file input.txt (compact mmCIF, C-alpha atoms)
# COMPACT_ATOMS: atom_id res chain seq x y z
CA MET A 1 1.67 -31.18 37.10
CA LEU A 2 1.78 -32.31 33.50
CA ARG A 3 -0.86 -29.72 32.58
CA ARG A 4 1.24 -26.95 34.14
CA VAL A 5 4.30 -28.08 32.23
CA VAL A 6 2.36 -28.11 28.95
CA LEU A 7 0.93 -24.66 29.60
CA LEU A 8 4.38 -23.33 30.49
CA THR A 9 5.84 -24.83 27.31
CA ILE A 10 3.11 -23.21 25.22
CA ALA A 11 3.68 -19.86 26.91
CA LEU A 12 7.40 -20.05 26.29
CA SER A 13 6.80 -20.96 22.65
CA ILE A 14 4.47 -18.00 22.16
CA GLY A 15 7.02 -15.74 23.84
CA ALA A 16 9.75 -17.01 21.54
CA LEU A 17 7.59 -16.41 18.47
CA THR A 18 6.74 -12.88 19.65
CA ALA A 19 10.40 -12.11 20.28
CA SER A 20 11.27 -13.49 16.85
CA ALA A 21 8.59 -11.35 15.21
CA GLN A 22 9.91 -8.27 16.98
CA SER A 23 13.54 -9.03 16.19
CA ASN A 24 13.02 -9.26 12.44
CA GLY A 25 12.72 -5.49 12.34
CA TRP A 26 9.09 -4.97 11.34
CA LYS A 27 7.23 -2.13 13.05
CA GLN A 28 3.45 -2.57 12.99
CA LEU A 29 1.75 0.72 12.09
CA PHE A 30 -1.84 -0.55 12.46
CA ASN A 31 -2.74 -1.81 15.93
CA GLY A 32 -5.76 -3.85 14.79
CA LYS A 33 -8.12 -1.88 17.04
CA ASP A 34 -8.40 1.71 15.86
CA LEU A 35 -6.74 4.30 13.61
CA THR A 36 -4.33 5.71 16.17
CA GLY A 37 -1.41 7.19 14.25
CA TRP A 38 -3.44 7.69 11.08
CA LYS A 39 -5.39 10.62 9.60
CA HIS A 40 -7.87 10.81 6.71
CA VAL A 41 -8.26 13.51 4.07
CA GLY A 42 -10.73 13.83 1.20
CA PRO A 43 -14.15 12.24 0.61
CA GLY A 44 -15.22 8.91 2.06
CA GLY A 45 -13.30 7.39 4.92
CA MET A 46 -11.81 4.37 6.64
CA THR A 47 -13.05 2.45 9.66
CA VAL A 48 -11.80 -0.52 11.67
CA GLU A 49 -14.14 -3.52 11.62
CA ASP A 50 -13.28 -6.95 13.02
CA GLY A 51 -9.64 -5.99 13.26
CA LEU A 52 -9.41 -4.79 9.64
CA ILE A 53 -9.21 -1.36 8.06
CA LYS A 54 -12.17 -1.03 5.69
CA SER A 55 -12.44 1.56 2.92
CA HIS A 56 -15.65 3.57 2.40
CA GLY A 57 -16.49 5.80 -0.58
CA GLY A 58 -13.94 8.26 -1.84
CA MET A 59 -11.69 9.27 -3.38
CA GLY A 60 -9.74 9.88 -0.19
CA LEU A 61 -6.52 9.00 1.60
CA LEU A 62 -5.72 7.56 5.02
CA TYR A 63 -2.13 8.55 5.71
CA TRP A 64 0.32 7.61 8.45
CA THR A 65 1.07 10.62 10.63
CA GLY A 66 4.53 9.45 11.69
CA GLY A 67 6.28 11.64 9.12
CA LYS A 68 8.29 11.04 5.99
CA VAL A 69 9.80 7.61 5.35
CA GLY A 70 12.58 6.43 3.09
CA ASP A 71 15.19 3.67 2.83
CA CYS A 72 12.68 1.19 4.18
CA VAL A 73 10.28 -1.56 3.20
CA ILE A 74 6.54 -1.02 3.61
CA ARG A 75 4.44 -4.17 3.83
CA VAL A 76 0.69 -4.01 3.22
CA VAL A 77 -1.59 -7.07 3.47
CA PHE A 78 -4.95 -6.48 1.80
CA LYS A 79 -7.93 -8.16 0.17
CA MET A 80 -10.72 -7.01 -2.12
CA ARG A 81 -14.33 -7.46 -1.04
CA ASP A 82 -15.38 -8.40 -4.57
CA LYS A 83 -13.55 -10.27 -7.31
CA ASN A 84 -11.90 -6.96 -8.15
CA ASP A 85 -11.85 -3.60 -6.37
CA ASN A 86 -9.76 -0.46 -6.75
CA SER A 87 -7.43 1.07 -4.17
CA GLY A 88 -3.76 1.94 -3.82
CA VAL A 89 -0.83 2.69 -1.55
CA PHE A 90 0.53 6.20 -1.93
CA ILE A 91 4.24 6.78 -1.35
CA ARG A 92 6.84 9.55 -1.71
CA ILE A 93 4.29 12.30 -0.96
CA PRO A 94 6.41 15.46 -0.59
CA ILE A 95 4.39 17.24 2.12
CA GLU A 96 1.82 16.17 4.69
CA PRO A 97 -1.49 15.66 2.84
CA ARG A 98 -4.27 18.19 3.29
CA GLU A 99 -6.46 17.00 0.41
CA GLU A 100 -6.65 14.01 -1.92
CA TRP A 101 -5.21 15.29 -5.23
CA MET A 102 -1.77 16.56 -4.20
CA PRO A 103 -0.63 12.99 -3.40
CA VAL A 104 -1.90 11.87 -6.80
CA HIS A 105 0.11 14.41 -8.76
CA TYR A 106 3.26 14.76 -6.65
CA GLY A 107 3.61 11.34 -5.02
CA TYR A 108 3.25 7.86 -6.49
CA GLU A 109 0.31 5.51 -6.25
CA VAL A 110 1.23 1.84 -6.07
CA GLN A 111 -1.91 0.58 -7.73
CA ILE A 112 -4.39 -2.02 -6.48
CA ASP A 113 -6.56 -3.09 -9.44
CA ASN A 114 -6.38 -6.46 -11.20
CA GLU A 115 -8.73 -5.50 -14.03
CA PRO A 116 -7.80 -2.00 -15.28
CA GLU A 117 -9.08 -2.83 -18.75
CA LYS A 118 -12.64 -2.72 -17.40
CA SER A 119 -12.07 1.00 -16.71
CA ASN A 120 -10.61 1.59 -20.18
CA GLU A 121 -7.09 1.64 -18.73
CA ASP A 122 -4.08 -0.39 -19.80
CA GLU A 123 -1.57 -2.60 -17.98
CA TYR A 124 0.30 0.46 -16.69
CA HIS A 125 -2.57 0.65 -14.19
CA TYR A 126 -2.29 -2.92 -12.85
CA THR A 127 -1.77 -4.01 -9.23
CA GLY A 128 1.79 -3.29 -8.11
CA THR A 129 2.64 -0.73 -10.80
CA LEU A 130 3.36 2.91 -10.18
CA TYR A 131 0.02 4.10 -11.50
CA SER A 132 0.24 4.97 -15.23
CA LEU A 133 4.04 5.08 -15.05
CA THR A 134 5.42 1.54 -15.04
CA LYS A 135 4.58 -1.65 -16.90
CA PRO A 136 4.10 -4.75 -14.69
CA MET A 137 6.96 -7.25 -14.69
CA ALA A 138 4.45 -9.84 -13.42
CA LYS A 139 0.71 -9.96 -12.82
CA ALA A 140 0.54 -11.44 -9.35
CA GLY A 141 -2.58 -9.90 -7.82
CA LYS A 142 -5.12 -12.32 -6.33
CA PRO A 143 -8.87 -11.69 -6.71
CA GLY A 144 -11.12 -11.09 -3.75
CA PRO A 145 -11.57 -12.34 -1.17
CA GLU A 146 -8.03 -13.81 -1.20
CA TRP A 147 -5.34 -12.02 0.76
CA ASN A 148 -2.46 -10.27 -1.01
CA THR A 149 0.89 -9.21 0.41
CA MET A 150 2.51 -6.16 -1.15
CA GLU A 151 6.02 -5.05 -0.21
CA ILE A 152 7.27 -1.65 -1.34
CA THR A 153 11.00 -1.02 -1.07
CA LEU A 154 12.11 2.61 -0.97
CA ASP A 155 15.84 2.62 -1.65
CA GLY A 156 16.89 6.21 -2.24
CA PRO A 157 15.53 7.08 -5.71
CA ARG A 158 14.66 3.46 -6.46
CA THR A 159 11.21 1.92 -5.89
CA ILE A 160 10.72 -1.85 -5.97
CA VAL A 161 7.29 -3.44 -5.56
CA SER A 162 6.57 -7.11 -5.05
CA VAL A 163 3.11 -8.66 -4.88
CA ASN A 164 2.72 -12.11 -3.35
CA GLY A 165 6.45 -12.69 -3.67
CA GLN A 166 6.75 -11.67 -7.33
CA LYS A 167 8.51 -8.50 -8.46
CA VAL A 168 6.10 -6.24 -10.33
CA THR A 169 7.93 -2.91 -10.40
CA ASP A 170 11.57 -1.82 -10.32
CA TYR A 171 11.82 1.88 -11.09
CA THR A 172 14.56 4.45 -10.51
CA GLU A 173 13.91 8.18 -10.74
CA GLY A 174 14.74 9.53 -14.17
CA GLN A 175 13.87 6.44 -16.15
CA PRO A 176 11.47 7.06 -19.06
CA VAL A 177 7.72 6.84 -18.48
CA PRO A 178 4.71 7.12 -20.83
CA GLU A 179 3.05 10.46 -21.46
CA ARG A 180 -0.15 11.22 -19.56
CA LYS A 181 -3.33 9.95 -21.22
CA PHE A 182 -5.92 11.19 -18.70
CA ASP A 183 -6.16 14.30 -16.55
CA PHE A 184 -6.54 12.13 -13.43
CA GLU A 185 -3.13 10.54 -14.02
CA PRO A 186 -0.21 11.98 -12.06
CA GLN A 187 1.97 14.82 -13.24
CA ARG A 188 5.32 13.51 -14.42
CA GLY A 189 8.54 14.43 -12.64
CA ARG A 190 10.93 13.35 -9.92
CA ARG A 191 9.61 12.36 -6.51
CA PRO A 192 11.51 12.82 -3.23
CA ASP A 193 13.64 10.06 -1.73
CA LYS A 194 11.62 10.42 1.48
CA GLY A 195 7.93 11.17 1.76
CA TRP A 196 4.61 10.55 3.48
CA PHE A 197 2.56 7.47 2.64
CA GLY A 198 -1.03 6.27 2.94
CA LEU A 199 -3.87 4.02 1.81
CA GLN A 200 -6.48 5.05 -0.75
CA ASN A 201 -10.25 4.67 -0.51
CA HIS A 202 -11.39 4.89 -4.12
CA SER A 203 -15.20 4.89 -4.43
CA ASP A 204 -18.50 3.52 -3.12
CA ASN A 205 -18.17 0.56 -5.48
CA ASP A 206 -14.64 -0.35 -4.34
CA VAL A 207 -14.21 -1.89 -0.89
CA VAL A 208 -10.76 -3.07 0.19
CA PHE A 209 -9.68 -4.43 3.58
CA PHE A 210 -6.23 -4.04 5.12
CA LYS A 211 -5.12 -6.30 7.98
CA GLU A 212 -1.47 -5.32 8.23
CA VAL A 213 0.59 -2.22 7.53
CA ALA A 214 4.19 -2.57 8.67
CA MET A 215 7.56 -1.00 8.00
CA LYS A 216 11.20 -1.89 8.58
CA PRO A 217 14.45 -0.06 7.83
CA LEU A 218 16.29 -1.07 4.68
CA LYS A 219 19.48 -2.95 5.35
CA LYS A 220 22.41 -1.66 3.34

call {"tool": "encode", "arguments": {"input": "input.txt", "output": "structure tokens"}}
result
Amino acid sequence: MLRRVVLLTIALSIGALTASAQSNGWKQLFNGKDLTGWKHVGPGGMTVEDGLIKSHGGMGLLYWTGGKVGDCVIRVVFKMRDKNDNSGVFIRIPIEPREEWMPVHYGYEVQIDNEPEKSNEDEYHYTGTLYSLTKPMAKAGKPGPEWNTMEITLDGPRTIVSVNGQKVTDYTEGQPVPERKFDFEPQRGRRPDKGWFGLQNHSDNDVVFFKEVAMKPLKK
């Protein structure tokens, strides 16, 4: 009898936690099993291994097929395979991606790279920045294989990025940005308030794992 009571108590506790997780407004976009709801464009690819999305080769993009998003928070939990690897989260893509370079030039890449100087790039290319556009307010990225939590807030024309609880970017459309230094950096100009988003696979030498991609509406 005692065993049944204990099991029932555990079940009720799990149910309460599940209900709590659902009630906080987060919608899980990765089911932990396969890439249902996602589509890949460009070289390389993404697979699901041991419940994680794993990047392969590139440069390519795995984008969510649910349509444009805005006035929301996107949460991405990721880790690098090595001490440092390169990836990114693309946001504000104006049209559904058909190849890998349109998102680069007409959306924003929220960068994943803790050591941009090793690629002859500056701090405008650090984890949590809008790639080549914003200077980090904090350097909060953790090296592999530690997990990182990135939250991207899309609030109309404003983009706020936090990494591991620290604000790294707070940018509103129209604010000044540096001139382009490389042809692979994005074209400058306003991005839409709502757009498609996705995860980048960068190269054979850069392997990044994602265990959670979630979204919730922005409370106003």

call {"tool": "residues_around", "arguments": {"input": "input.txt", "residues": "region 62-73 of chain A", "least_positions_apart": "2", "cutoff": "6 Å", "atoms": "all atoms listed in the file", "output": "ChimeraX atom specification"}}
result
/A:37-40,152-156,194-199,215-218

call {"tool": "closest_residue", "arguments": {"input": "input.txt", "among": "A:Glu185, A:Asp206, A:Asp113, A:Glu99", "to": "Asn148 (chain A)", "atoms": "only C-alpha atoms"}}
result
A:Asp113

call {"tool": "closest_residue", "arguments": {"input": "input.txt", "among": "A:Glu117, A:Val41, A:Tyr124, A:Lys79", "to": "Glu96 (chain A)", "atoms": "only C-alpha atoms"}}
result
A:Val41

call {"tool": "atom_distance", "arguments": {"input": "input.txt", "atom1": "CA of Gly189 (chain A)", "atom2": "CA of Leu61 (chain A)"}}
result
21.4 Å

call {"tool": "residues_around", "arguments": {"input": "input.txt", "residues": "region 84-93 of chain A", "least_positions_apart": "4", "cutoff": "7 Å", "atoms": "only C-alpha atoms", "output": "NGL selection string"}}
result
:A and (80 or 103 or 106-115 or 143-144 or 191-202 or 206-208)

call {"tool": "write_last_selection", "arguments": {"input": "input.txt", "atoms": "C-alpha atoms", "output": "PDB file, keeping the file's coordinate frame"}}
result
ATOM      1  CA  MET A  80     -10.720  -7.010  -2.120  1.00  0.00           C
ATOM      2  CA  PRO A 103      -0.630  12.990  -3.400  1.00  0.00           C
ATOM      3  CA  TYR A 106       3.260  14.760  -6.650  1.00  0.00           C
ATOM      4  CA  GLY A 107       3.610  11.340  -5.020  1.00  0.00           C
ATOM      5  CA  TYR A 108       3.250   7.860  -6.490  1.00  0.00           C
ATOM      6  CA  GLU A 109       0.310   5.510  -6.250  1.00  0.00           C
ATOM      7  CA  VAL A 110       1.230   1.840  -6.070  1.00  0.00           C
ATOM      8  CA  GLN A 111      -1.910   0.580  -7.730  1.00  0.00           C
ATOM      9  CA  ILE A 112      -4.390  -2.020  -6.480  1.00  0.00           C
ATOM     10  CA  ASP A 113      -6.560  -3.090  -9.440  1.00  0.00           C
ATOM     11  CA  ASN A 114      -6.380  -6.460 -11.200  1.00  0.00           C
ATOM     12  CA  GLU A 115      -8.730  -5.500 -14.030  1.00  0.00           C
ATOM     13  CA  PRO A 143      -8.870 -11.690  -6.710  1.00  0.00           C
ATOM     14  CA  GLY A 144     -11.120 -11.090  -3.750  1.00  0.00           C
ATOM     15  CA  ARG A 191       9.610  12.360  -6.510  1.00  0.00           C
ATOM     16  CA  PRO A 192      11.510  12.820  -3.230  1.00  0.00           C
ATOM     17  CA  ASP A 193      13.640  10.060  -1.730  1.00  0.00           C
ATOM     18  CA  LYS A 194      11.620  10.420   1.480  1.00  0.00           C
ATOM     19  CA  GLY A 195       7.930  11.170   1.760  1.00  0.00           C
ATOM     20  CA  TRP A 196       4.610  10.550   3.480  1.00  0.00           C
ATOM     21  CA  PHE A 197       2.560   7.470   2.640  1.00  0.00           C
ATOM     22  CA  GLY A 198      -1.030   6.270   2.940  1.00  0.00           C
ATOM     23  CA  LEU A 199      -3.870   4.020   1.810  1.00  0.00           C
ATOM     24  CA  GLN A 200      -6.480   5.050  -0.750  1.00  0.00           C
ATOM     25  CA  ASN A 201     -10.250   4.670  -0.510  1.00  0.00           C
ATOM     26  CA  HIS A 202     -11.390   4.890  -4.120  1.00  0.00           C
ATOM     27  CA  ASP A 206     -14.640  -0.350  -4.340  1.00  0.00           C
ATOM     28  CA  VAL A 207     -14.210  -1.890  -0.890  1.00  0.00           C
ATOM     29  CA  VAL A 208     -10.760  -3.070   0.190  1.00  0.00           C
TER      30      VAL A 208
END

call {"tool": "closest_residue", "arguments": {"input": "input.txt", "among": "A:Met150, A:Ile95, A:Val213, A:Val168", "to": "Ile53 (chain A)", "atoms": "all atoms listed in the file"}}
result
A:Val213

call {"tool": "decode", "arguments": {"input": "input.txt", "residues": "region 84-195 of chain A", "atoms": "C-alpha atoms", "output": "short mmCIF file (atom, residue, chain, number, x, y, z; two decimals), in the first residue's frame"}}
result
data_model
loop_
_atom_site.label_atom_id
_atom_site.label_comp_id
_atom_site.auth_asym_id
_atom_site.auth_seq_id
_atom_site.Cartn_x
_atom_site.Cartn_y
_atom_site.Cartn_z
CA ASN A 84 35.17 26.53 -29.63
CA ASP A 85 33.02 25.95 -32.71
CA ASN A 86 31.14 28.24 -35.08
CA SER A 87 27.39 28.34 -35.68
CA GLY A 88 24.53 30.81 -35.36
CA VAL A 89 20.81 31.40 -35.04
CA PHE A 90 19.31 33.27 -37.98
CA ILE A 91 16.34 35.54 -37.37
CA ARG A 92 14.21 38.11 -39.22
CA ILE A 93 14.64 36.32 -42.58
CA PRO A 94 12.20 38.12 -44.90
CA ILE A 95 11.12 35.16 -47.06
CA GLU A 96 11.22 31.39 -46.70
CA PRO A 97 14.84 30.29 -47.33
CA ARG A 98 15.69 28.51 -50.57
CA GLU A 99 19.48 28.77 -50.26
CA GLU A 100 22.02 29.71 -47.61
CA TRP A 101 23.13 33.25 -48.56
CA MET A 102 19.83 35.15 -48.65
CA PRO A 103 19.41 34.73 -44.87
CA VAL A 104 22.96 36.01 -44.38
CA HIS A 105 22.41 39.24 -46.28
CA TYR A 106 18.76 40.02 -45.54
CA GLY A 107 18.23 38.50 -42.08
CA TYR A 108 20.39 38.63 -38.97
CA GLU A 109 22.72 35.99 -37.63
CA VAL A 110 22.92 35.82 -33.85
CA GLN A 111 26.47 34.56 -33.70
CA ILE A 112 27.84 31.49 -31.93
CA ASP A 113 31.64 31.85 -31.74
CA ASN A 114 33.63 32.57 -28.57
CA GLU A 115 36.95 33.09 -30.36
CA PRO A 116 36.36 35.25 -33.47
CA GLU A 117 39.89 36.63 -33.27
CA LYS A 118 41.21 33.23 -34.39
CA SER A 119 39.41 33.83 -37.71
CA ASN A 120 40.79 37.37 -38.01
CA GLU A 121 37.46 38.81 -36.90
CA ASP A 122 36.77 41.27 -34.10
CA GLU A 123 34.39 41.35 -31.14
CA TYR A 124 31.48 42.31 -33.40
CA HIS A 125 31.51 38.61 -34.32
CA TYR A 126 31.26 37.22 -30.78
CA THR A 127 28.61 34.86 -29.39
CA GLY A 128 25.31 36.68 -28.91
CA THR A 129 26.03 39.62 -31.23
CA LEU A 130 24.21 40.35 -34.44
CA TYR A 131 27.03 39.17 -36.66
CA SER A 132 29.34 42.08 -37.63
CA LEU A 133 26.71 44.62 -36.55
CA THR A 134 26.70 44.92 -32.76
CA LYS A 135 29.37 45.04 -30.09
CA PRO A 136 28.88 42.60 -27.18
CA MET A 137 27.65 44.11 -23.92
CA ALA A 138 29.02 41.02 -22.16
CA LYS A 139 31.06 37.98 -23.16
CA ALA A 140 29.05 35.18 -21.62
CA GLY A 141 29.60 32.23 -23.96
CA LYS A 142 30.80 28.99 -22.36
CA PRO A 143 33.35 26.75 -24.13
CA GLY A 144 32.54 23.24 -25.23
CA PRO A 145 31.31 20.90 -24.04
CA GLU A 146 29.39 23.11 -21.55
CA TRP A 147 25.78 23.95 -22.32
CA ASN A 148 24.74 27.50 -23.20
CA THR A 149 21.27 29.04 -23.10
CA MET A 150 20.57 31.81 -25.59
CA GLU A 151 17.34 33.80 -25.51
CA ILE A 152 16.48 36.08 -28.42
CA THR A 153 13.70 38.59 -27.86
CA LEU A 154 11.99 39.97 -30.96
CA ASP A 155 10.05 43.04 -29.87
CA GLY A 156 8.88 44.83 -32.99
CA PRO A 157 12.04 46.47 -34.42
CA ARG A 158 14.05 45.71 -31.29
CA THR A 159 16.27 42.64 -30.86
CA ILE A 160 17.59 41.66 -27.42
CA VAL A 161 19.93 38.70 -26.95
CA SER A 162 20.96 37.17 -23.65
CA VAL A 163 23.48 34.36 -23.23
CA ASN A 164 23.51 32.39 -19.99
CA GLY A 165 21.45 35.09 -18.31
CA GLN A 166 23.62 38.03 -19.39
CA LYS A 167 22.49 40.63 -21.92
CA VAL A 168 24.83 40.67 -24.90
CA THR A 169 22.85 42.61 -27.51
CA ASP A 170 20.15 45.28 -27.42
CA TYR A 171 19.61 46.68 -30.91
CA THR A 172 16.77 48.64 -32.48
CA GLU A 173 16.42 49.04 -36.23
CA GLY A 174 17.99 52.25 -37.45
CA GLN A 175 20.75 52.46 -34.88
CA PRO A 176 24.24 52.93 -36.37
CA VAL A 177 26.33 49.89 -37.28
CA PRO A 178 29.90 49.48 -38.60
CA GLU A 179 30.59 49.38 -42.31
CA ARG A 180 31.13 45.98 -43.91
CA LYS A 181 34.70 44.69 -43.77
CA PHE A 182 34.27 41.37 -45.61
CA ASP A 183 32.10 40.28 -48.53
CA PHE A 184 30.66 37.45 -46.41
CA GLU A 185 29.27 39.93 -43.88
CA PRO A 186 25.60 40.86 -44.25
CA GLN A 187 24.31 43.72 -46.34
CA ARG A 188 23.31 46.62 -44.14
CA GLY A 189 19.71 47.79 -43.92
CA ARG A 190 16.47 47.36 -42.02
CA ARG A 191 15.14 43.89 -41.30
CA PRO A 192 11.43 43.01 -40.97
CA ASP A 193 9.67 42.94 -37.61
CA LYS A 194 8.59 39.36 -38.40
CA GLY A 195 10.60 36.75 -40.24
#
